[in-house]
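Student: Have a look at this one.
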Amino acid sequence: MTGNSPFSIPLIHNAVDIMTPFLLAGIGGLFTELAGMLNIALEGLILTGAFFSIVFAAATGNLLLGILLGILCAMALAWMFGAVTLYMRANVFITGLATNLFASGFTIVLAFQLFKTKGVIQFPGIPKLPALVVPPFLQRIPVVGDVLFGHNVIVYVTWAIVLLSALVIYRTPFGLRLRGTGLKAETIVSLGLNPRRYQMAGILISGLTCGLAGAMLTIELAAFVPEISSGRGWIALVAIYLGNKTPWGIFIASFVFGMAESFSNYAQGAIKVPVDFILALPYVITVVAMILYSIFRHFRARG
Amino acid sequence: MREKRNLGELFAGFTGLAFTLLLSFGLVIGLIFILSRAPGRTIYYFFVGAFTNKYYLGNMLNVAVPLIFTGLGISVAFKSSVFNLGGEGQIYAGGLAATAVCLALPAANGFLGGLTALAGAVVLSGGIAGLSGFFRMKWNTDEMISSFLLSSAVVLVVNYFITGPLDDPKNNLLATLAIGPQYGLMRIFPPSKLNVSAFFALAAALLVFLFMYRSHAGYEMRMCGLNREFSRYGGINVSKYLVLPMIMSGALHGLGGGLMVLGTYGATIEGYSFGMGWNGIAVALIAKNNPLGVIPAAFLFAYLDAGAKAAMLNSDVTFEIAAIAQSFIFYFVTAQALYGLARKRRRA
């Protein structure tokens, strides 16, 4: 926390934390999107990662192992989603809804079986995520200090994932073929390759990143709350579209969401406005941004 | 010859669906064996519980009513290739609008006041959805994303009204003040909550079917759904059919919400319609966007819901098992491979 530093801007610092799950889920979803599949399932994948990573972390007593197993569970669900969609040729939209529904039902049923409650489950023994601590003079640099330092390790891993994803998507044969699958699957077939394999890879990658996004949510809180993903997967999906289906675009879009939510957290304490209105703010800001962007595109295309 | 092939396809469709349901139910039974300590009892209540007394049966049918409306709303939009993902907010707002009208007219005649309340629901929800259609028409803003975002914001704003200006301090639930007793729809299957809105739902399905398949505008809407460029070439005003299906879709959602308030709850309770919007999408897709097919699809959902409730009350599983059962059906219901299997079997 930088709250005690007189130069820090908590608004930006918190925004960087808040944007991370959006960014992770958005980057994973980008792989699926580029492979030509609408990934509605991000929400359910985040929830699955959130539940299993903290449960495994508590059971094994090892944070890293717990997170890895949580990611694995999210990937297993992603595989199920992909297998039914691709190999049983089901409608991707409805299997995505199924995945979300399954995740929300399954985590609650399992929580009830294991912990005999359908409410909040606290894990007080969970170790904290290690954070990057830098000397105070660095931390106090305005904006830069808030953006760069003092976050937990998942934030930095996420940035590495974004960088790596951009490289994989634009600089490797795999990335080229993945994009080819989305643009015209026939070309991939004509190369003697199986487009479904790339689509499945995209889905599994989205399972991986969403699992990590979920882990960050529960482990930071040291508790599991039913439906803790609370729409983040949907917002990530919006970020993919707002970000024009590029990693950097998603980065910026996620930051906008992070700022909106950070601002609404701040406003809850500072401004006398009903909480519900403030909570609605990120959605309203996004929809306005979307409309402005499409107006801009509309007139640019004309003029 | 052609008739015969169509019948064969239809038959394959039905066996495919039966196959899907059997597979899903098989998985649910497996799950119950894992989760329940009295699996026999749980399975009995899950599958048969809804029919064991009039109360369960009537409530099951009553759950299907809003699902028919949301399913119809989605099928109108999807059939026109316009994507409304804002059903959750639209049905929720419809209930609030109906409640607000009823509260504003405490002494009105039940019939006319009720009609005004439903009109309010239709206008508000149709307007919210129509906005996304309008943005799409005007500036090509993706209506799927904008309707979802607007709906998410609307849910929160409705919550504000429920807990703020319209709150009933005497009610333990988070709910608005109760509407006047003259607005309550006639119960037709006591002691359950089933009411005359069930007939409205059936009538709505028929009307939507007639509109889509027997009217000029419905024909143009379906053509736009099949191929918008071709329709433009054919002289259809395609931009009109980006907005109209959205408005109709929102209006049907609003009607569903409004009728839930008038018929079942008598107030807007926080979260009373949560899940109905998403399930409406599933209902429409199971029905292949056919307005008449929406009716049995909605009953299937209501059946699972009622089964899980009965199993929860009479055995040791939680209600969320219904969500898992529904997800199994979602997974398999559009799986072409399963239908192909049914088709192959028949040929052999």
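Chain labels run A, B, ... following the order of the structure tokens; each chain numbers its residues from 1, and ligands are numbered from 1 in the order shown.
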If we count only C-alpha atoms, what is near Val134 of chain A at a cut-off of 12 Å, once residues fewer than 4 positions away on the same chain are taken out, given as number ranges by chain?

Tutor: A: 1-2, 138-141, 145-146, 148-151

Student: Could you write out that same residue set with N, CA and C atoms as a tab-separated table (two decimals), in the first residue's frame?

Tutor:
```
chain	number	residue	atom	x	y	z
A	1	MET	N	0.83	-1.21	0.00
A	1	MET	CA	0.00	0.00	0.00
A	1	MET	C	0.86	1.24	0.00
A	2	THR	N	0.40	2.23	-0.73
A	2	THR	CA	1.14	3.48	-0.77
A	2	THR	C	0.37	4.59	-0.08
A	138	LEU	N	11.64	5.85	-4.49
A	138	LEU	CA	11.16	5.40	-5.80
A	138	LEU	C	9.64	5.36	-5.81
A	139	GLN	N	9.10	4.82	-4.71
A	139	GLN	CA	7.65	4.69	-4.61
A	139	GLN	C	6.97	6.05	-4.68
A	140	ARG	N	7.67	7.09	-4.26
A	140	ARG	CA	7.03	8.40	-4.18
A	140	ARG	C	7.03	9.15	-5.50
A	141	ILE	N	7.69	8.63	-6.52
A	141	ILE	CA	7.64	9.32	-7.81
A	141	ILE	C	6.19	9.33	-8.26
A	145	GLY	N	5.64	5.81	-9.87
A	145	GLY	CA	5.76	4.99	-8.68
A	145	GLY	C	4.48	4.21	-8.42
A	146	ASP	N	3.34	4.87	-8.65
A	146	ASP	CA	2.06	4.20	-8.44
A	146	ASP	C	1.83	3.08	-9.43
A	148	LEU	N	4.20	1.50	-11.34
A	148	LEU	CA	5.23	0.46	-11.47
A	148	LEU	C	5.45	-0.35	-10.21
A	149	PHE	N	5.39	0.27	-9.03
A	149	PHE	CA	5.88	-0.42	-7.83
A	149	PHE	C	4.77	-0.73	-6.83
A	150	GLY	N	5.11	-1.66	-5.95
A	150	GLY	CA	4.26	-1.92	-4.82
A	150	GLY	C	3.10	-2.87	-5.09
A	151	HIS	N	3.07	-3.48	-6.26
A	151	HIS	CA	1.97	-4.40	-6.55
A	151	HIS	C	2.37	-5.82	-6.20
```

Student: Excluding Ala59 of chain A and its own-chain neighbours fewer than 3 positions away, which residues fall within 12 Å of it when counting only C-alpha atoms? Please give them as JSON, numbers by chain.

Tutor: {"A": [52, 53, 54, 55, 56, 62, 63, 65, 66, 67, 69, 70, 114, 123, 125, 126]}

Student: Would you give me, as a PyMOL selection string, the residues in segment 66-301 of chain A that DSSP reads as helix (DSSP H, G or I)?

Tutor: chain A and resi 66-87+92-115+136-139+144-148+153-171+173-183+185-190+195-221+232-242+247-270+275-301

Student: Produce a table with one row for each residue of chain A that has an atom at most 7 Å from any atom of chain B, each row naming the nearest atom pair and its distance in Å at one decimal; use only C-alpha atoms; arrange rows by chain and rising residue number; format as CSV.

Tutor:
```
residue,atom,partner,partner_atom,distance
A:Val84,CA,B:Tyr331,CA,6.7
A:Met88,CA,B:Ala337,CA,4.7
A:Arg89,CA,B:Ala335,CA,5.2
A:Ala90,CA,B:Ala335,CA,3.7
A:Asn91,CA,B:Thr334,CA,5.7
A:Ile94,CA,B:Phe330,CA,6.1
A:Thr95,CA,B:Tyr331,CA,5.0
A:Ala98,CA,B:Ser327,CA,4.4
A:Thr99,CA,B:Ser327,CA,6.9
A:Leu101,CA,B:Ser327,CA,5.7
A:Phe102,CA,B:Ile324,CA,5.0
A:Gly105,CA,B:Glu320,CA,5.0
A:Phe106,CA,B:Ile324,CA,6.5
A:Ile108,CA,B:Glu320,CA,6.8
A:Val109,CA,B:Glu320,CA,6.2
A:Val238,CA,B:Ile145,CA,6.5
A:Asp276,CA,B:Leu156,CA,5.3
A:Phe277,CA,B:Val157,CA,6.3
A:Ala280,CA,B:Ala153,CA,4.7
A:Tyr283,CA,B:Leu149,CA,5.5
A:Val284,CA,B:Ala153,CA,6.6
A:Val287,CA,B:Ser146,CA,6.0
A:Ile291,CA,B:Thr141,CA,6.1
A:Ser294,CA,B:Thr141,CA,5.6
A:Ile295,CA,B:Trp139,CA,5.5
A:His298,CA,B:Trp139,CA,5.8
```

Student: Taking 3 positions as the minimum chain separation for residues in the same chain, which residues sit within 12 Å of Met186 of chain B when counting only C-alpha atoms? Answer as a list in words.

Tutor: Gly110, Phe111, Pro181, Gln182, Tyr183, Phe189, Pro190, Ser192, Lys193, Leu194, Asn195, Val196, Ser197, Ala198, Phe199, Leu259, Leu262, Gly263 and Thr264 of chain B

Student: Determine the nearest neighbour of Val153 of chain A from the options A:Leu110, A:Leu176, A:Leu212, A:Val189, counting only C-alpha atoms.

Tutor: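 Of A:Leu110, A:Leu176, A:Leu212, A:Val189, the one nearest Val153 of chain A, counting only C-alpha atoms, is A:Leu212.
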
Student: Could you write out, as number ranges by chain, all the residues of segment 83-265 of chain A that DSSP marks as strand (DSSP E)?

Tutor: A: 121-122, 223-224

Student: Extract, using only C-alpha atoms, all DNA, RNA and protein residues at most 10 Å from Ile228 of chain A, discarding same-chain residues fewer than 6 positions from it, and format them as a list in words.

Tutor: Glu43, Ile46, Leu47, Thr48, Ala50, Phe51, Ser104, Val120, Gly214, Leu217 and Thr218 of chain A

Student: So, with only C-alpha atoms as the atoms that count, which of A:Arg177, A:Val157, A:Arg171, A:Ser264 lies closest to Leu191 of chain A?

Tutor: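 Nearest candidate to Leu191 of chain A out of A:Arg177, A:Val157, A:Arg171, A:Ser264: A:Arg177.
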